[in-house]
Every structure is written in structure tokens, then in C-alpha cells.
Protein chains: 2
Amino acid sequence: MTSPDRTPPHIAETTADVRAAVIANQRAGKTIGFVPTMGALHPGHVSLMTRARQECDVVVTSIFVNPTQFGPNEDFQKYPRPRELDLKICGEAGCDIIFYPSVEVMYPAGFRTFVEVEGLSDILEGAIRPGHFRGVATVVTKLFMIVGADRAYFGQKDYQQQLIIRTMARELNIPTEVVTCPTLRDPDGMAMSSRNAYLSAEERQRGLCLSRALVAVSQSLAAGERDLSRLEATLIEQLSASSGVELDYGVIVDADTLAPLTSVASEMVALVAARVGTTRLIDNMLLKLPE
Amino acid sequence: MTSPDRTPPHIAETTADVRAAVIANQRAGKTIGFVPTMGALHPGHVSLMTRARQECDVVVTSIFVNPTQFGPNEDFQKYPRPRELDLKICGEAGCDIIFYPSVEVMYPAGFRTFVEVEGLSDILEGAIRPGHFRGVATVVTKLFMIVGADRAYFGQKDYQQQLIIRTMARELNIPTEVVTCPTLRDPDGMAMSSRNAYLSAEERQRGLCLSRALVAVSQSLAAGERDLSRLEATLIEQLSASSGVELDYGVIVDADTLAPLTSVASEMVALVAARVGTTRLIDNMLLKLPE
């Protein structure tokens, strides 16, 4: 992965610094790809940077643990912040510019402007984490404005998040194209996530029921099952097979609107969320009917 | 005002059309000035276009009566829409591009993303018109994204509006500079407004108490009055001097935050709102203490 002849990325800590670096590249006619992250980078993030690298002349990555998307009892303080390792990973992935702002840079005293995608933000993850998606939509709007990229890359792992960001960008006419990239998985099937670091070996084994449940539903659909309630029963059954897993939700919904379905549709998504110990895990799988 | 040698403005009805026209000018190194309006143009609007014309290479004006900033019992349906006259005025004022979208272009079916400036949006005009400033902040964010101007021009007449837009643009890192221009007044002192067209001659005479009250406070301050409660008493007294005027509010507040004051401050604004017949009138005046 290393590119010894590549100059190390420029690290910008202010909006003026990152704007100047981006504008210099845009004036030279270069296209800008953007990967917003909260750091604690894993191969899932690297796959987004690699995709940006393939499609754009210049790659900007932001590393910012966004306080407005954490609830008061969530893990904002303990969220991992391995700065040096993250910078090294960005460099090796071919990032050109790293935006690494402080909380004060992003949210000056008195900050009071928020972006909300109504209807999509208060269901599923949003029902369990009130205000979470308002924080996400607000910080991503800000980052989109600061970076001014042609394309921004998000993982399908956070399915509801990418749908909300896609909707927000389209409806606010933000001229950055939102690109969703496939979830990366470890060999055991577990979707890669910064929060997996919280899991003990035993908890991780239990947490595998999420991906197993999604695969089981996908296989059932492929084998010809067309009864939505039986598909959902398979999902819940598999999620309940593992002890020590507290299910938040396991649903099959419309892939574009997250609306409940009464029968199988051509574009569906299975969404699952559960707690293993004190760690929340989410995963999803797109389910397409063969034509 | 007419410039016979000027080519008529380009009228764009879609976002793609206006984007293409702006980008062509930006690629040629030209700066873009933007004047968002709801049409029913009067000399106050023309003064914004003239200022934009002085400071920018290309002037874009939008004409859009924004439904999301009208309450259910407000005048959205009857708001004046003199299309041909407005287009003529824009042409004579030297506009290069007119963005004239339909409601469907700005708010496609299922629209659900909103921008809110908390704290500033639910007081004064916002308390009387719930949701008004959410609609304003949302449509202005969209217009800023579509037009991508260097500078956008607003009238001081809508004081709370320009403060909310200024806050929203700064906090969301929108790279368009917000410029506030002085209120234009008719010779009788009445602040120019599209809604003045609703007033009968008699109602207009009654409505003059708003500007008279502001002038009285300003004169009292200039004459050395430093007691805030006496200044506010002068304001209310003048507003109450005219029969058939129903006062909504008459306050002197902090010019930057609209927060209530307990004593005179260096930068204050007097804000007044009243109904004359079925027409709401607002006006304001900045009050600065001599150094």
C-alpha cells in the first residue's frame, strides 16, 4: 500500500487552511474526492479512500469525532482517537489533504444552526439515538461546504446515515455527489466498524449473529422465498439464536424510503441493530428481487 | 436606469440552467453577486441589485415566492406576482441572470430537509410567525447552493431575517458573503415593502407611525437620553399614537443577538411590528451610542 515517492498529506486544522489547499487544486483543474470520517480508521475507511483515489485527482479526508451526533449517555469521551496511526493510514491510502479540526473550529461558542432530514431521522437508529442524525446532517453539511468536493464517499455499513446524507445533499442542492461504497467485512463476516474495538473475543463471537442473520435472509430470498413475514421471521430467529445479544431492531424495509413493507418489493434492505455487552452493533444487507 | 446596449438577462427556470450560466461566468474568472427576492420588486430591491452590480462582475437575481416561509393563514396565495414587470425591472437594474423557479423545482415531492437557526428563529417575528424563519433559512441555503455566489445582498428592512441568514451562512460554512444594505424609504418615511401595496391611502397614513416612532427614539438618543426604559416608552408611545394600528411588538434589543437589554448598549436595534387592517408592517432602526 505504501507509495514511497508520494509527498506526505497536508494536515489542515482550520477551515481557511483546508479551503486554501482545495481551491489551489481546483484552480489547477483538479477534481476533489472527500472521505469524512471520525477517525479510528480501519480497512473500511481505506476502501473509501481508495475509491476516491481512483475517481478523483485529489483526496481529502476529514477526521473529526462530532459531538453533536452523540447522545448524553453515549461514548463521545471514550470514542477512540488514535491520531498518529490515523494519519499514517491516510498517508498510506494516498490522501493528499487531511482536515483535522478541533471541536472549537467546527462549533464556535453560541453555535445554533442545525440541518434536519425529517421523517428519516426519527426512525430506527434515530428512534434509539434522538438527535443523532441531526448532528450527522449538520456536520456533513458543514464539511461539504468547507471542502467543496466533487464527490464524497460513505460506507453502506451506516445505511440510514448514507440515505439521510444523500437526501440532505439532494434537497439542499449541495453540489457534491454522494457515493455509497460496499460494506467491508472481516473473514468471519463481521462488518468492519471502529466500535468493534470495544468487543471482547467472546462478545465478538456473539455479535456474528448480525451478519449471519442477514446472510440467512439473503439465502432464503435467493432460494425462492417471497413471503415477507417468513423472511423477517428468519431474520429475527437468527438474531435471537445467540445468547447475550439484546436486539434493538431487525426489519426489512423499502431501500429508498425505509418505509415498512407489506409484501416483498424489488429494492429492499434488511437492517439490524443489537447490543452486545455495552457495545451497539449495526449491519444491513440490500435485498433485490431477481427480475 | 435603462442600458439600451445591455443584452437582456438570461431567464433560468431550472437549477441546472442557472448553475450552467453561473459556472460559465466563474470559469471566465468573474465574480457573482446574488439578490434573492420574492418578486413584487420595488426600489429597495433595485438598490440591492445596484450594489451587487457595483461590487460584482455578474448579477444573479432570484424571484421565488417561497411557500415554506408562509404560515397556513398567511398571504402565500395572494402575494403579488407581477412577472413581466419584475423581469423588466431586473433588466433595467442590470441583472445578468434571473432564476425564476417553480415550487416544484425548489420543493420536489417528498421534500423533508430543513435548516433551523435555533434561538433566533422563535422570538419576535418568529414568535408571531411559527416556522417562518425555518422556511427562510431553508430556501436561502438552497438558493446559495444553487447560485454559488461570492456575495449575496439583503435589505436591513428585514432585520431579524438578515441576522438569521448571516448566522446560518457563517455557522454552516457557506462560502457566500452576506451583505446587508440600508432600508430604502419613501419620502414620507415609510420603509419600502412589497406588502405596502396592500395598504389603502388611509391605512398607509396610519402605518407611518412605525417609522415616526423609530425616528423619535433615534432623536431622543441623539439628544442625550440614556435611560433604556424611557427610550422604549418613547417607542411604544409613538406606535400607540395612531388609531387603527395593532401593535405586535416595539422593542430595543442587542443588535447582534436580539437579546433583551437592561440598559443602553453600544450597538442596539429598535424593532417594530404592527398590523394595519389586515396588513402586517415591520420596520427597524440601528441605534448606536456615540463613542
# chains A, B, ... in the order shown; residues from 1 in each chain; ligands from 1

$ select_by_dssp --residues "stretch 58-238 of chain B" --states "helix (DSSP H, G or I)" --output "NGL selection string"
:B and (67-69 or 83-92 or 103-106 or 125-128 or 132-147 or 159-171 or 194-198 or 201-207 or 209-222 or 228-238)

$ interface_residues --of "chain B" --to "chain A" --cutoff "8 Å" --atoms "only C-alpha atoms" --output "tab-separated table (two decimals) with all heavy atoms, in the first residue's frame"
chain	number	residue	atom	x	y	z
B	107	TYR	N	-39.08	22.55	-4.40
B	107	TYR	CA	-39.54	21.57	-3.42
B	107	TYR	C	-40.18	20.37	-4.12
B	107	TYR	O	-41.41	20.26	-4.19
B	107	TYR	CB	-40.55	22.21	-2.46
B	107	TYR	CG	-39.98	23.34	-1.64
B	107	TYR	CD1	-40.34	24.67	-1.89
B	107	TYR	CD2	-39.05	23.10	-0.63
B	107	TYR	CE1	-39.81	25.72	-1.14
B	107	TYR	CE2	-38.51	24.13	0.11
B	107	TYR	CZ	-38.90	25.43	-0.14
B	107	TYR	OH	-38.37	26.46	0.60
B	111	PHE	N	-40.17	16.40	-0.24
B	111	PHE	CA	-39.12	17.26	0.36
B	111	PHE	C	-39.21	17.23	1.89
B	111	PHE	O	-40.30	17.38	2.45
B	111	PHE	CB	-39.29	18.69	-0.15
B	111	PHE	CG	-38.14	19.59	0.25
B	111	PHE	CD1	-37.05	19.74	-0.59
B	111	PHE	CD2	-38.13	20.25	1.47
B	111	PHE	CE1	-35.98	20.54	-0.22
B	111	PHE	CE2	-37.07	21.04	1.85
B	111	PHE	CZ	-35.99	21.20	1.00
B	112	ARG	N	-38.05	17.07	2.56
B	112	ARG	CA	-38.08	16.88	4.01
B	112	ARG	C	-36.86	17.42	4.74
B	112	ARG	O	-36.68	17.12	5.93
B	112	ARG	CB	-38.22	15.39	4.28
B	112	ARG	CG	-37.12	14.56	3.62
B	112	ARG	CD	-37.25	13.10	4.00
B	112	ARG	NE	-38.30	12.40	3.30
B	112	ARG	CZ	-39.11	11.49	3.85
B	112	ARG	NH1	-38.97	11.20	5.12
B	112	ARG	NH2	-40.03	10.89	3.15
B	113	THR	N	-36.00	18.18	4.08
B	113	THR	CA	-34.78	18.68	4.73
B	113	THR	C	-34.94	20.16	5.08
B	113	THR	O	-35.28	20.97	4.21
B	113	THR	CB	-33.57	18.49	3.80
B	113	THR	OG1	-33.48	17.12	3.43
B	113	THR	CG2	-32.28	18.91	4.51
B	114	PHE	N	-34.69	20.50	6.33
B	114	PHE	CA	-34.87	21.88	6.78
B	114	PHE	C	-33.67	22.37	7.57
B	114	PHE	O	-32.99	21.60	8.24
B	114	PHE	CB	-36.15	22.00	7.62
B	114	PHE	CG	-37.38	21.76	6.81
B	114	PHE	CD1	-37.94	20.49	6.74
B	114	PHE	CD2	-37.95	22.78	6.06
B	114	PHE	CE1	-39.06	20.24	5.95
B	114	PHE	CE2	-39.08	22.54	5.28
B	114	PHE	CZ	-39.63	21.28	5.23
B	115	VAL	N	-33.42	23.68	7.46
B	115	VAL	CA	-32.34	24.33	8.19
B	115	VAL	C	-32.98	25.24	9.24
B	115	VAL	O	-33.92	25.98	8.93
B	115	VAL	CB	-31.46	25.18	7.23
B	115	VAL	CG1	-30.36	25.90	8.01
B	115	VAL	CG2	-30.87	24.29	6.13
B	116	GLU	N	-32.48	25.16	10.46
B	116	GLU	CA	-33.05	25.98	11.52
B	116	GLU	C	-31.95	26.65	12.33
B	116	GLU	O	-30.97	26.01	12.71
B	116	GLU	CB	-33.91	25.11	12.45
B	116	GLU	CG	-34.55	25.90	13.57
B	116	GLU	CD	-36.04	25.63	13.72
B	116	GLU	OE1	-36.51	24.57	13.27
B	116	GLU	OE2	-36.74	26.49	14.30
B	117	VAL	N	-32.12	27.95	12.55
B	117	VAL	CA	-31.21	28.71	13.40
B	117	VAL	C	-31.91	28.85	14.75
B	117	VAL	O	-32.81	29.69	14.90
B	117	VAL	CB	-30.86	30.07	12.79
B	117	VAL	CG1	-29.88	30.84	13.69
B	117	VAL	CG2	-30.27	29.90	11.39
B	118	GLU	N	-31.51	28.01	15.69
B	118	GLU	CA	-32.24	27.95	16.97
B	118	GLU	C	-32.00	29.22	17.79
B	118	GLU	O	-30.93	29.82	17.74
B	118	GLU	CB	-31.81	26.71	17.74
B	118	GLU	CG	-32.18	25.44	17.00
B	118	GLU	CD	-31.94	24.19	17.82
B	118	GLU	OE1	-31.29	24.26	18.85
B	118	GLU	OE2	-32.43	23.13	17.37
B	119	GLY	N	-33.02	29.59	18.55
B	119	GLY	CA	-32.89	30.74	19.45
B	119	GLY	C	-33.22	32.05	18.76
B	119	GLY	O	-33.95	32.88	19.30
B	138	THR	N	-34.09	27.64	5.10
B	138	THR	CA	-34.03	26.51	4.18
B	138	THR	C	-33.93	26.98	2.73
B	138	THR	O	-33.07	26.53	1.97
B	138	THR	CB	-35.26	25.60	4.39
B	138	THR	OG1	-35.28	25.15	5.74
B	138	THR	CG2	-35.22	24.40	3.43
B	141	THR	N	-30.55	28.69	2.05
B	141	THR	CA	-29.47	27.69	1.91
B	141	THR	C	-29.51	27.08	0.51
B	141	THR	O	-28.48	26.98	-0.16
B	141	THR	CB	-29.61	26.58	2.98
B	141	THR	OG1	-29.50	27.17	4.28
B	141	THR	CG2	-28.54	25.53	2.81
B	142	LYS	N	-30.71	26.68	0.08
B	142	LYS	CA	-30.85	26.07	-1.24
B	142	LYS	C	-30.40	27.05	-2.34
B	142	LYS	O	-29.63	26.68	-3.24
B	142	LYS	CB	-32.30	25.64	-1.48
B	142	LYS	CG	-32.71	24.40	-0.70
B	142	LYS	CD	-34.22	24.11	-0.80
B	142	LYS	CE	-34.71	23.88	-2.21
B	142	LYS	NZ	-34.21	22.66	-2.86
B	145	MET	N	-26.70	27.46	-2.47
B	145	MET	CA	-26.06	26.29	-3.09
B	145	MET	C	-26.23	26.31	-4.60
B	145	MET	O	-25.31	26.01	-5.35
B	145	MET	CB	-26.67	25.00	-2.54
B	145	MET	CG	-26.40	24.71	-1.10
B	145	MET	SD	-24.64	24.55	-0.75
B	145	MET	CE	-24.32	26.17	-0.09
B	146	ILE	N	-27.42	26.67	-5.06
B	146	ILE	CA	-27.71	26.64	-6.50
B	146	ILE	C	-26.89	27.72	-7.21
B	146	ILE	O	-26.30	27.48	-8.26
B	146	ILE	CB	-29.22	26.85	-6.75
B	146	ILE	CG1	-30.01	25.65	-6.21
B	146	ILE	CG2	-29.51	27.08	-8.23
B	146	ILE	CD1	-31.52	25.90	-6.09
B	167	THR	N	-26.06	34.40	10.31
B	167	THR	CA	-25.67	33.37	11.28
B	167	THR	C	-25.62	32.00	10.61
B	167	THR	O	-24.66	31.23	10.78
B	167	THR	CB	-26.67	33.35	12.46
B	167	THR	OG1	-26.71	34.66	13.05
B	167	THR	CG2	-26.26	32.34	13.51
B	168	MET	N	-26.65	31.69	9.86
B	168	MET	CA	-26.75	30.40	9.17
B	168	MET	C	-25.59	30.20	8.21
B	168	MET	O	-24.94	29.15	8.20
B	168	MET	CB	-28.11	30.37	8.45
B	168	MET	CG	-28.38	29.21	7.55
B	168	MET	SD	-27.79	29.50	5.87
B	168	MET	CE	-29.01	30.61	5.21
B	171	GLU	N	-22.31	29.74	10.24
B	171	GLU	CA	-22.21	28.51	11.01
B	171	GLU	C	-22.19	27.26	10.13
B	171	GLU	O	-21.61	26.25	10.50
B	171	GLU	CB	-23.34	28.44	12.05
B	171	GLU	CG	-23.19	29.55	13.09
B	171	GLU	CD	-24.08	29.36	14.31
B	171	GLU	OE1	-25.01	28.54	14.27
B	171	GLU	OE2	-23.82	30.06	15.31
B	172	LEU	N	-22.85	27.32	8.98
B	172	LEU	CA	-22.80	26.17	8.06
B	172	LEU	C	-21.60	26.28	7.11
B	172	LEU	O	-21.45	25.43	6.22
B	172	LEU	CB	-24.10	26.04	7.26
B	172	LEU	CG	-25.36	25.65	8.07
B	172	LEU	CD1	-26.53	25.44	7.13
B	172	LEU	CD2	-25.11	24.39	8.91
B	173	ASN	N	-20.76	27.30	7.29
B	173	ASN	CA	-19.56	27.46	6.47
B	173	ASN	C	-19.87	27.65	4.99
B	173	ASN	O	-19.10	27.24	4.12
B	173	ASN	CB	-18.61	26.25	6.64
B	173	ASN	CG	-18.25	26.00	8.08
B	173	ASN	OD1	-18.87	25.17	8.74
B	173	ASN	ND2	-17.26	26.71	8.59
B	174	ILE	N	-21.02	28.26	4.69
B	174	ILE	CA	-21.38	28.52	3.30
B	174	ILE	C	-20.47	29.62	2.77
B	174	ILE	O	-20.36	30.69	3.38
B	174	ILE	CB	-22.86	28.92	3.19
B	174	ILE	CG1	-23.74	27.73	3.63
B	174	ILE	CG2	-23.21	29.37	1.77
B	174	ILE	CD1	-25.23	28.05	3.67
B	175	PRO	N	-19.78	29.38	1.66
B	175	PRO	CA	-18.77	30.33	1.20
B	175	PRO	C	-19.33	31.52	0.43
B	175	PRO	O	-18.69	32.02	-0.48
B	175	PRO	CB	-17.85	29.47	0.32
B	175	PRO	CG	-18.72	28.39	-0.20
B	175	PRO	CD	-19.79	28.15	0.83

$ residues_around --residues "A:Cys56" --least-positions-apart "4" --cutoff "6 Å" --atoms "only C-alpha atoms" --output "MDAnalysis selection string"
chainID A and resid 31:33 52

$ residues_around --residues "B:Val105" --least-positions-apart "5" --cutoff "10 Å" --atoms "only C-alpha atoms" --output "VMD selection string"
chain B and resid 13 to 15 100

$ write_last_selection --atoms "all heavy atoms" --output "mmCIF file, in the first residue's frame"
data_model
loop_
_atom_site.group_PDB
_atom_site.id
_atom_site.type_symbol
_atom_site.label_atom_id
_atom_site.label_comp_id
_atom_site.auth_asym_id
_atom_site.auth_seq_id
_atom_site.Cartn_x
_atom_site.Cartn_y
_atom_site.Cartn_z
ATOM 1 N N GLU B 13 -35.119 28.711 -15.425
ATOM 2 C CA GLU B 13 -36.228 28.189 -14.608
ATOM 3 C C GLU B 13 -35.861 26.885 -13.912
ATOM 4 O O GLU B 13 -36.632 26.397 -13.087
ATOM 5 C CB GLU B 13 -37.479 28.022 -15.476
ATOM 6 C CG GLU B 13 -37.933 29.369 -16.041
ATOM 7 C CD GLU B 13 -39.299 29.345 -16.712
ATOM 8 O OE1 GLU B 13 -39.817 28.245 -16.976
ATOM 9 O OE2 GLU B 13 -39.834 30.442 -16.959
ATOM 10 N N THR B 14 -34.699 26.319 -14.249
ATOM 11 C CA THR B 14 -34.264 25.084 -13.587
ATOM 12 C C THR B 14 -32.932 25.332 -12.889
ATOM 13 O O THR B 14 -32.188 26.254 -13.242
ATOM 14 C CB THR B 14 -34.070 23.931 -14.591
ATOM 15 O OG1 THR B 14 -32.966 24.263 -15.456
ATOM 16 C CG2 THR B 14 -35.319 23.701 -15.426
ATOM 17 N N THR B 15 -32.627 24.488 -11.911
ATOM 18 C CA THR B 15 -31.355 24.627 -11.205
ATOM 19 C C THR B 15 -30.186 24.347 -12.155
ATOM 20 O O THR B 15 -29.157 25.025 -12.086
ATOM 21 C CB THR B 15 -31.282 23.670 -10.002
ATOM 22 O OG1 THR B 15 -31.461 22.340 -10.449
ATOM 23 C CG2 THR B 15 -32.369 23.994 -8.985
ATOM 24 N N TYR B 100 -35.877 31.933 -11.921
ATOM 25 C CA TYR B 100 -37.317 32.058 -11.721
ATOM 26 C C TYR B 100 -37.905 30.654 -11.636
ATOM 27 O O TYR B 100 -38.600 30.201 -12.548
ATOM 28 C CB TYR B 100 -37.917 32.837 -12.906
ATOM 29 C CG TYR B 100 -39.165 33.648 -12.566
ATOM 30 C CD1 TYR B 100 -39.235 35.006 -12.861
ATOM 31 C CD2 TYR B 100 -40.264 33.056 -11.974
ATOM 32 C CE1 TYR B 100 -40.359 35.763 -12.565
ATOM 33 C CE2 TYR B 100 -41.390 33.791 -11.680
ATOM 34 C CZ TYR B 100 -41.430 35.143 -11.969
ATOM 35 O OH TYR B 100 -42.549 35.887 -11.670
#

$ residues_around --residues "A:Val276" --least-positions-apart "6" --cutoff "10 Å" --atoms "only C-alpha atoms" --output "PDB file with N, CA and C atoms, in the first residue's frame"
ATOM      1  N   TYR A 198     -14.235  -2.252  20.804  1.00  0.00           N
ATOM      2  CA  TYR A 198     -14.736  -2.367  22.176  1.00  0.00           C
ATOM      3  C   TYR A 198     -15.040  -3.815  22.569  1.00  0.00           C
ATOM      4  N   LEU A 199     -15.190  -4.698  21.578  1.00  0.00           N
ATOM      5  CA  LEU A 199     -15.698  -6.059  21.846  1.00  0.00           C
ATOM      6  C   LEU A 199     -14.608  -6.974  22.393  1.00  0.00           C
ATOM      7  N   SER A 200     -14.944  -7.759  23.418  1.00  0.00           N
ATOM      8  CA  SER A 200     -14.066  -8.863  23.828  1.00  0.00           C
ATOM      9  C   SER A 200     -14.203  -9.969  22.775  1.00  0.00           C
ATOM     10  N   GLU A 202     -15.149 -12.954  23.157  1.00  0.00           N
ATOM     11  CA  GLU A 202     -16.408 -13.671  23.349  1.00  0.00           C
ATOM     12  C   GLU A 202     -17.584 -12.839  22.815  1.00  0.00           C
ATOM     13  N   GLU A 203     -17.579 -11.537  23.098  1.00  0.00           N
ATOM     14  CA  GLU A 203     -18.643 -10.664  22.594  1.00  0.00           C
ATOM     15  C   GLU A 203     -18.652 -10.656  21.072  1.00  0.00           C
ATOM     16  N   ARG A 204     -17.469 -10.655  20.495  1.00  0.00           N
ATOM     17  CA  ARG A 204     -17.374 -10.657  19.038  1.00  0.00           C
ATOM     18  C   ARG A 204     -18.039 -11.904  18.453  1.00  0.00           C
ATOM     19  N   GLN A 205     -17.778 -13.051  19.052  1.00  0.00           N
ATOM     20  CA  GLN A 205     -18.417 -14.292  18.595  1.00  0.00           C
ATOM     21  C   GLN A 205     -19.936 -14.152  18.628  1.00  0.00           C
ATOM     22  N   ARG A 206     -20.439 -13.589  19.728  1.00  0.00           N
ATOM     23  CA  ARG A 206     -21.895 -13.394  19.827  1.00  0.00           C
ATOM     24  C   ARG A 206     -22.400 -12.433  18.762  1.00  0.00           C
ATOM     25  N   GLY A 207     -21.616 -11.373  18.505  1.00  0.00           N
ATOM     26  CA  GLY A 207     -22.025 -10.333  17.560  1.00  0.00           C
ATOM     27  C   GLY A 207     -22.110 -10.816  16.120  1.00  0.00           C
ATOM     28  N   SER A 243     -26.997 -16.066  22.506  1.00  0.00           N
ATOM     29  CA  SER A 243     -27.302 -15.529  23.833  1.00  0.00           C
ATOM     30  C   SER A 243     -26.447 -14.289  24.084  1.00  0.00           C
ATOM     31  N   GLY A 244     -26.899 -13.421  24.974  1.00  0.00           N
ATOM     32  CA  GLY A 244     -26.115 -12.225  25.302  1.00  0.00           C
ATOM     33  C   GLY A 244     -26.166 -11.171  24.229  1.00  0.00           C
ATOM     34  N   VAL A 245     -27.150 -11.250  23.333  1.00  0.00           N
ATOM     35  CA  VAL A 245     -27.326 -10.226  22.297  1.00  0.00           C
ATOM     36  C   VAL A 245     -28.696  -9.595  22.511  1.00  0.00           C
ATOM     37  N   GLU A 246     -28.727  -8.308  22.796  1.00  0.00           N
ATOM     38  CA  GLU A 246     -30.002  -7.639  23.025  1.00  0.00           C
ATOM     39  C   GLU A 246     -30.428  -6.913  21.756  1.00  0.00           C
ATOM     40  N   LEU A 247     -31.462  -7.432  21.134  1.00  0.00           N
ATOM     41  CA  LEU A 247     -31.889  -6.912  19.835  1.00  0.00           C
ATOM     42  C   LEU A 247     -32.569  -5.544  19.973  1.00  0.00           C
TER      43      LEU A 247
END

$ closest_residue --among "B:Ala127, B:Ala40, B:Ile98, B:Val59" --to "B:Leu85" --atoms "only C-alpha atoms"
B:Ala40

$ residues_around --residues "A:Lys157" --least-positions-apart "5" --cutoff "7 Å" --atoms "only C-alpha atoms" --output "list in words"
Thr183, Asp283 and Asn284 of chain A

$ residues_around --residues "B:Tyr79" --least-positions-apart "6" --cutoff "9 Å" --atoms "only C-alpha atoms" --output "VMD selection string"
chain B and resid 40 65 194 to 195

$ write_last_selection --atoms "C-alpha atoms" --output "short mmCIF file (atom, residue, chain, number, x, y, z; two decimals), in the first residue's frame"
data_model
loop_
_atom_site.label_atom_id
_atom_site.label_comp_id
_atom_site.auth_asym_id
_atom_site.auth_seq_id
_atom_site.Cartn_x
_atom_site.Cartn_y
_atom_site.Cartn_z
CA ALA B 40 -43.03 42.33 -6.47
CA VAL B 65 -42.41 33.25 -3.57
CA SER B 194 -43.90 44.64 -1.37
CA ARG B 195 -46.71 44.36 1.18
#

$ select_by_dssp --residues "stretch 148-251 of chain A" --states "strand (DSSP E or B)" --output "ChimeraX atom specification"
/A:151-155,177-181,185,191,245-251
